[in-house]
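*Asks:* Below is model.tsv; it holds TSV, C-alpha atoms.
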```tsv
chain	number	residue	atom	x	y	z
A	13	MET	CA	-27.93	-56.12	35.16
A	14	LYS	CA	-30.42	-53.54	36.31
A	15	ILE	CA	-31.82	-50.71	34.21
A	16	VAL	CA	-34.04	-48.03	35.73
A	17	THR	CA	-36.39	-45.80	33.75
A	18	ILE	CA	-37.31	-42.51	35.40
A	19	CYS	CA	-40.13	-40.00	34.98
A	20	GLY	CA	-42.23	-37.74	37.18
A	21	ALA	CA	-44.68	-40.29	38.55
A	22	GLY	CA	-43.15	-43.59	37.46
A	23	ILE	CA	-46.23	-44.36	35.40
A	24	GLY	CA	-46.39	-42.95	31.89
A	25	SER	CA	-43.20	-42.09	30.09
A	26	SER	CA	-41.03	-44.30	32.31
A	27	GLY	CA	-43.52	-47.13	31.63
A	28	ILE	CA	-43.17	-46.62	27.88
A	29	LEU	CA	-39.37	-46.60	28.25
A	30	LYS	CA	-39.49	-49.81	30.30
A	31	VAL	CA	-41.67	-51.64	27.79
A	32	ASN	CA	-39.62	-50.54	24.78
A	33	ALA	CA	-36.26	-51.08	26.50
A	34	GLU	CA	-37.30	-54.64	27.33
A	35	ARG	CA	-38.17	-55.23	23.69
A	36	VAL	CA	-34.86	-53.81	22.46
A	37	LEU	CA	-32.86	-55.79	25.05
A	38	ALA	CA	-34.63	-59.00	24.08
A	39	ARG	CA	-33.73	-58.35	20.45
A	40	LEU	CA	-30.11	-57.67	21.42
A	41	ASP	CA	-30.16	-60.81	23.54
A	42	ILE	CA	-29.18	-58.89	26.67
A	43	GLU	CA	-30.61	-59.97	29.99
A	44	ALA	CA	-31.63	-57.14	32.28
A	45	ASP	CA	-34.13	-56.26	34.93
A	46	VAL	CA	-35.88	-53.04	33.84
A	47	VAL	CA	-37.66	-51.08	36.57
A	48	ALA	CA	-39.85	-47.98	36.07
A	49	ALA	CA	-39.77	-45.49	38.93
A	50	ASP	CA	-40.51	-41.88	39.79
A	51	VAL	CA	-37.72	-39.37	40.12
A	52	ALA	CA	-38.31	-39.01	43.86
A	53	SER	CA	-37.24	-42.61	44.45
A	54	ILE	CA	-34.07	-42.49	42.34
A	55	ALA	CA	-31.66	-42.67	45.28
A	56	GLU	CA	-33.25	-45.89	46.46
A	57	VAL	CA	-34.08	-47.54	43.11
A	58	GLY	CA	-31.09	-46.30	41.13
A	59	ASP	CA	-28.54	-47.34	43.71
A	60	ASP	CA	-27.52	-50.58	42.00
A	61	ALA	CA	-28.52	-49.66	38.44
A	62	GLN	CA	-26.04	-49.87	35.59
A	63	VAL	CA	-28.12	-47.71	33.25
A	64	ILE	CA	-30.77	-45.04	33.84
A	65	LEU	CA	-33.07	-44.19	30.93
A	66	THR	CA	-34.93	-40.89	31.23
A	67	SER	CA	-35.93	-37.57	29.67
A	68	ALA	CA	-33.64	-34.52	29.66
A	69	GLU	CA	-35.79	-32.82	32.33
A	70	PHE	CA	-34.76	-35.33	35.03
A	71	VAL	CA	-31.00	-35.44	34.53
A	72	GLU	CA	-30.34	-32.72	37.08
A	73	ALA	CA	-32.66	-34.25	39.67
A	74	ILE	CA	-31.05	-37.68	39.21
A	75	GLY	CA	-27.76	-36.06	40.17
A	76	SER	CA	-24.51	-37.91	40.59
A	77	THR	CA	-24.74	-41.65	40.11
A	78	PHE	CA	-22.54	-44.56	39.12
A	79	ALA	CA	-25.08	-45.47	36.47
A	80	ASP	CA	-24.81	-44.38	32.86
A	81	VAL	CA	-27.61	-41.84	32.41
A	82	ILE	CA	-29.11	-42.03	28.91
A	83	VAL	CA	-31.49	-39.32	27.69
A	84	ILE	CA	-34.16	-40.54	25.29
A	85	GLN	CA	-35.90	-38.00	23.04
A	86	ASN	CA	-38.50	-40.12	21.26
A	87	HIS	CA	-39.78	-42.81	23.62
A	88	PHE	CA	-41.32	-44.77	20.74
A	89	ASP	CA	-38.23	-44.79	18.55
A	90	GLN	CA	-36.75	-48.27	18.94
A	91	GLN	CA	-33.86	-47.28	16.71
A	92	GLU	CA	-32.85	-44.48	19.08
A	93	LEU	CA	-33.19	-46.80	22.09
A	94	THR	CA	-31.21	-49.55	20.38
A	95	GLU	CA	-28.34	-47.27	19.37
A	96	LYS	CA	-28.08	-45.60	22.77
A	97	LEU	CA	-28.31	-48.85	24.73
A	98	GLN	CA	-25.76	-50.52	22.48
A	99	ARG	CA	-23.37	-47.60	22.92
A	100	SER	CA	-23.75	-47.78	26.67
A	101	LEU	CA	-23.62	-51.55	27.09
A	102	GLY	CA	-21.30	-52.42	24.20
B	11	MET	CA	-55.22	-53.85	32.72
B	12	ALA	CA	-55.39	-53.62	28.94
B	13	LEU	CA	-56.06	-50.22	27.43
B	14	PRO	CA	-59.51	-49.03	28.49
B	15	PRO	CA	-62.23	-48.50	25.87
B	16	LEU	CA	-62.49	-45.13	24.17
B	17	PRO	CA	-66.06	-43.81	24.23
B	18	ASP	CA	-66.99	-40.69	22.26
B	19	GLU	CA	-66.87	-38.64	25.48
B	20	ALA	CA	-63.18	-39.46	25.80
B	21	ILE	CA	-62.35	-38.10	22.34
B	22	VAL	CA	-62.02	-34.44	21.40
B	23	ILE	CA	-61.18	-33.64	17.79
B	24	ALA	CA	-59.56	-30.36	16.68
B	25	ALA	CA	-59.73	-28.68	20.08
B	26	GLU	CA	-59.11	-24.94	19.94
B	27	VAL	CA	-56.67	-24.13	22.72
B	28	GLY	CA	-54.53	-21.09	23.43
B	29	ASP	CA	-51.69	-22.84	25.21
B	30	TRP	CA	-50.44	-26.16	26.60
B	31	ARG	CA	-52.31	-25.78	29.88
B	32	ALA	CA	-55.61	-25.47	28.03
B	33	ALA	CA	-54.69	-28.50	25.92
B	34	VAL	CA	-54.07	-30.62	29.03
B	35	HIS	CA	-57.31	-29.36	30.59
B	36	VAL	CA	-59.27	-30.52	27.55
B	37	ALA	CA	-57.85	-34.02	28.13
B	38	GLY	CA	-58.74	-33.72	31.83
B	39	ALA	CA	-62.31	-32.71	31.01
B	40	ALA	CA	-62.61	-35.65	28.58
B	41	LEU	CA	-61.52	-38.04	31.34
B	42	VAL	CA	-64.16	-36.50	33.64
B	43	ASP	CA	-66.86	-36.63	30.93
B	44	SER	CA	-66.11	-40.28	30.22
B	45	GLY	CA	-66.35	-41.17	33.91
B	46	ALA	CA	-62.68	-42.04	34.52
B	47	ALA	CA	-61.77	-39.02	36.65
B	48	ARG	CA	-63.24	-36.38	38.91
B	49	GLU	CA	-63.09	-32.60	38.61
B	50	GLY	CA	-59.60	-31.42	39.38
B	51	TYR	CA	-57.78	-34.27	37.65
B	52	GLY	CA	-56.82	-31.89	34.83
B	53	ASP	CA	-55.27	-29.55	37.41
B	54	GLU	CA	-53.22	-32.44	38.74
B	55	MET	CA	-51.97	-33.32	35.24
B	56	VAL	CA	-50.98	-29.66	34.71
B	57	ARG	CA	-49.23	-29.66	38.09
B	58	MET	CA	-47.08	-32.63	37.07
B	59	ILE	CA	-45.82	-30.64	34.08
B	60	ASP	CA	-45.34	-27.48	36.14
B	61	GLU	CA	-43.31	-29.51	38.58
B	62	HIS	CA	-41.18	-31.59	36.23
B	63	GLY	CA	-41.20	-29.80	32.88
B	64	PRO	CA	-42.31	-30.78	29.38
B	65	TYR	CA	-41.01	-34.37	29.60
B	66	VAL	CA	-44.56	-35.52	28.83
B	67	VAL	CA	-43.90	-34.74	25.16
B	68	ILE	CA	-42.58	-38.26	24.68
B	69	ALA	CA	-42.48	-38.29	20.88
B	70	PRO	CA	-42.67	-35.67	18.12
B	71	GLY	CA	-46.11	-34.07	18.37
B	72	LEU	CA	-47.39	-36.33	21.15
B	73	VAL	CA	-48.07	-35.69	24.84
B	74	LEU	CA	-48.81	-38.42	27.37
B	75	ALA	CA	-50.35	-36.51	30.28
B	76	HIS	CA	-51.37	-38.12	33.55
B	77	ALA	CA	-51.32	-37.59	37.28
B	78	ARG	CA	-50.81	-40.10	40.06
B	79	PRO	CA	-53.47	-42.54	41.19
B	80	GLY	CA	-55.61	-41.00	43.92
B	81	ASP	CA	-58.94	-39.49	44.94
B	82	ARG	CA	-59.46	-37.86	41.55
B	83	VAL	CA	-59.28	-41.15	39.67
B	84	VAL	CA	-62.56	-43.07	39.38
B	85	ARG	CA	-61.24	-45.87	37.21
B	86	ASP	CA	-58.62	-46.55	34.54
B	87	GLY	CA	-59.26	-44.33	31.56
B	88	LEU	CA	-57.77	-42.90	28.42
B	89	ALA	CA	-58.67	-39.72	26.54
B	90	VAL	CA	-57.46	-38.64	23.11
B	91	VAL	CA	-57.43	-34.96	22.16
B	92	THR	CA	-56.30	-33.62	18.81
B	93	LEU	CA	-55.49	-29.93	18.49
B	94	ALA	CA	-56.77	-27.62	15.76
B	95	GLU	CA	-53.42	-25.81	15.79
B	96	PRO	CA	-50.12	-27.31	17.02
B	97	VAL	CA	-49.20	-26.02	20.48
B	98	PRO	CA	-45.68	-25.73	21.96
B	99	PHE	CA	-45.07	-27.36	25.36
B	100	GLY	CA	-41.50	-26.12	25.63
B	101	HIS	CA	-39.88	-29.43	24.66
B	102	PRO	CA	-36.51	-29.01	22.94
B	103	HIS	CA	-37.06	-31.75	20.33
B	104	ASN	CA	-40.64	-32.94	20.16
B	105	ASP	CA	-42.59	-29.66	19.91
B	106	PRO	CA	-45.10	-28.61	18.68
B	107	VAL	CA	-47.82	-30.92	19.93
B	108	THR	CA	-50.80	-32.04	17.88
B	109	VAL	CA	-52.10	-34.98	19.94
B	110	VAL	CA	-52.64	-35.11	23.72
B	111	LEU	CA	-53.30	-38.41	25.47
B	112	GLY	CA	-54.78	-38.15	28.95
B	113	LEU	CA	-54.37	-41.19	31.17
B	114	ALA	CA	-55.95	-42.03	34.51
B	115	VAL	CA	-54.72	-45.11	36.37
B	116	GLU	CA	-56.19	-46.60	39.50
B	117	SER	CA	-52.99	-48.22	40.67
B	118	VAL	CA	-49.35	-48.34	39.70
B	119	GLY	CA	-48.09	-51.73	38.55
B	120	GLY	CA	-51.28	-53.09	37.06
B	121	HIS	CA	-51.16	-50.41	34.41
B	122	LEU	CA	-48.08	-51.69	32.59
B	123	GLU	CA	-50.12	-53.87	30.29
B	124	SER	CA	-51.97	-50.82	28.99
B	125	ILE	CA	-48.68	-48.96	28.67
B	126	ALA	CA	-47.41	-51.86	26.55
B	127	ASP	CA	-50.54	-51.52	24.40
B	128	LEU	CA	-49.79	-47.81	23.95
B	129	ALA	CA	-46.26	-48.72	22.88
B	130	ASN	CA	-47.68	-51.20	20.36
B	131	VAL	CA	-49.81	-48.44	18.85
B	132	PHE	CA	-47.25	-45.63	18.82
B	133	ASN	CA	-44.13	-47.57	17.89
B	134	ASP	CA	-45.58	-47.06	14.42
B	135	ALA	CA	-44.47	-43.47	13.78
B	136	SER	CA	-47.24	-42.85	11.25
B	137	VAL	CA	-49.95	-43.06	13.92
B	138	ILE	CA	-49.37	-39.61	15.45
B	139	PRO	CA	-49.88	-37.62	12.21
B	140	ALA	CA	-52.78	-39.93	11.29
B	141	LEU	CA	-54.47	-39.26	14.63
B	142	ALA	CA	-53.89	-35.51	14.22
B	143	ALA	CA	-55.64	-35.69	10.84
B	144	ALA	CA	-58.53	-37.93	11.95
B	145	ALA	CA	-61.99	-36.43	11.47
B	146	THR	CA	-64.19	-38.83	13.48
B	147	PRO	CA	-64.03	-40.76	16.76
B	148	ASP	CA	-64.28	-44.00	14.78
B	149	GLU	CA	-61.11	-43.12	12.87
B	150	ILE	CA	-59.32	-42.45	16.15
B	151	ARG	CA	-60.50	-45.75	17.65
B	152	ALA	CA	-59.45	-47.64	14.52
B	153	LEU	CA	-55.96	-46.11	14.59
B	154	MET	CA	-55.57	-47.05	18.24
B	155	GLY	CA	-57.16	-50.47	17.93
B	156	LEU	CA	-59.73	-49.60	20.60
B	157	THR	CA	-63.46	-50.09	20.93
B	158	GLU	CA	-66.17	-47.73	22.10
B	159	ASP	CA	-67.36	-49.98	24.94
B	160	ALA	CA	-65.65	-52.35	27.29
```
Starting from the file, give its structure as structure tokens.
*Replies:*
Amino acid sequence: MKIVTICGAGIGSSGILKVNAERVLARLDIEADVVAADVASIAEVGDDAQVILTSAEFVEAIGSTFADVIVIQNHFDQQELTEKLQRSLG
Amino acid sequence: MALPPLPDEAIVIAAEVGDWRAAVHVAGAALVDSGAAREGYGDEMVRMIDEHGPYVVIAPGLVLAHARPGDRVVRDGLAVVTLAEPVPFGHPHNDPVTVVLGLAVESVGGHLESIADLANVFNDASVIPALAAAATPDEIRALMGLTEDA
């Protein structure tokens, strides 16, 4: 399974989301490839993603996709990440 | 790269700013003062927010500001700015902001280790208010588990 995290430059907030999503997935015993990317490359990187993790600001730019787009409010809140990932993947 | 050291020049405590742009510029100036970035890096960080919105407010009270690697980056660097008064960035959930992190990265990919370090620090929700209340650079470094020199 592929999960893509998206932010403006593919460096900061998407990096935090990648790191914390990997930790949550490991705890849930779910195997996934988590890739951080900038919003400009979403068409290319998000093509085969099952889940896209991002901030509310990028939902419109991500546009229509087969992936489940999950908006994260607090990037450091593992509880929020866990609940939203479980809802999407469960 | 692991998180870069945090010299005094990279720390600004209780900055008086009128708005979010000024807050980001203080972080930009701290990155320039500490030798991680060149003049204009603060403008680039502001431009990212102008372009994409207040998504940089990644947790309640905390901004992670950065631009892309490029001419304005000298080397990997981190700056920590606390604000005298909380400032709104226009984020629907995480406003107002009391702590601004400025980040400069030389290259994408190699920086994920330092991002993981940041996650280690801030996954503890008590760190943001503690940073906002810190009175000295040493307190800030202790909260972030960073040293003054490399």
*Asks:* Within 12 Å of chain B, which residues of chain A show up when using only C-alpha atoms, listed as JSON, numbers by chain?
*Replies:* {"A": [18, 19, 20, 21, 22, 23, 24, 25, 26, 27, 28, 29, 30, 31, 32, 33, 34, 35, 47, 48, 49, 50, 51, 52, 66, 67, 68, 69, 70, 71, 72, 73, 83, 84, 85, 86, 87, 88, 89, 90, 91, 92, 93]}
*Asks:* Quick one: which segment 36-72 of chain B residues come within 10 Å of segment 89-93 of chain B, and what is the nearest atom pair for each with the distance in Å to one decimal, counting all atoms listed in the file, rows ordered by chain and ascending number, as a tab-separated table?
*Replies:*
```
residue	atom	partner	partner_atom	distance
B:Val36	CA	B:Val91	CA	7.2
B:Ala37	CA	B:Ala89	CA	6.0
B:Gly38	CA	B:Ala89	CA	8.0
B:Ala39	CA	B:Ala89	CA	9.1
B:Ala40	CA	B:Ala89	CA	6.0
B:Leu41	CA	B:Ala89	CA	5.8
B:Val42	CA	B:Ala89	CA	9.5
B:Asp43	CA	B:Ala89	CA	9.8
B:Ser44	CA	B:Ala89	CA	8.3
B:Ala46	CA	B:Ala89	CA	9.2
B:Leu72	CA	B:Thr92	CA	9.6
```
*Asks:* Figure out the distance between atom CA of Glu95 of chain B and atom CA of Ala143 of chain B, please, to one decimal in Å.
*Replies:* 11.3 Å
*Asks:* Between atom CA of Val97 of chain B and atom CA of Gly28 of chain B, what is the distance, to one decimal in Å?
*Replies:*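 So the answer is 7.8 Å.
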*Asks:* Skipping near chain neighbours, those fewer than 2 positions away, what residues fall within 7 Å of Gly52 of chain B using only C-alpha atoms, listed as a list of chain:residue names?
*Replies:*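 Those residues are B:Val34, B:His35, B:Gly38, B:Ala39, B:Gly50, B:Glu54, B:Met55, B:Val56.
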*Asks:* Nearest to Ser53 of chain A: which of A:Ile74, A:Lys14, A:Leu40, A:Leu65 is it, counting all atoms listed in the file?
*Replies:*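 Closest to Ser53 of chain A of all the choices is A:Ile74.
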*Asks:* Tell me, in Å to one decimal, how far atom CA of Gly45 of chain B is from atom CA of Pro98 of chain B.
*Replies:* 28.4 Å
*Asks:* Looking at all atoms listed in the file, which of A:Val36, A:Ile82, A:Ile42, A:Leu101 is the one that sits closest to Val16 of chain A?
*Replies:* A:Ile82
*Asks:* Could you check which of A:Gly75, A:Val81, A:Lys96, A:Glu43 is closest to Ala61 of chain A, using only C-alpha atoms?
*Replies:*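 Comparing A:Gly75, A:Val81, A:Lys96, A:Glu43 against Ala61 of chain A, the winner is A:Val81.
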*Asks:* Between B:Ala144, B:Glu116, B:Asp18, B:Arg31, which one has atoms that come closest to Arg57 of chain B, using only C-alpha atoms?
*Replies:*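 Selected residue with least distance to Arg57 of chain B: B:Arg31.
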*Asks:* May I ask which of the residues B:Leu88, B:Ala140, B:Ala32, B:Ala145 is the closest one to Glu19 of chain B, counting all atoms listed in the file?
*Replies:* B:Leu88
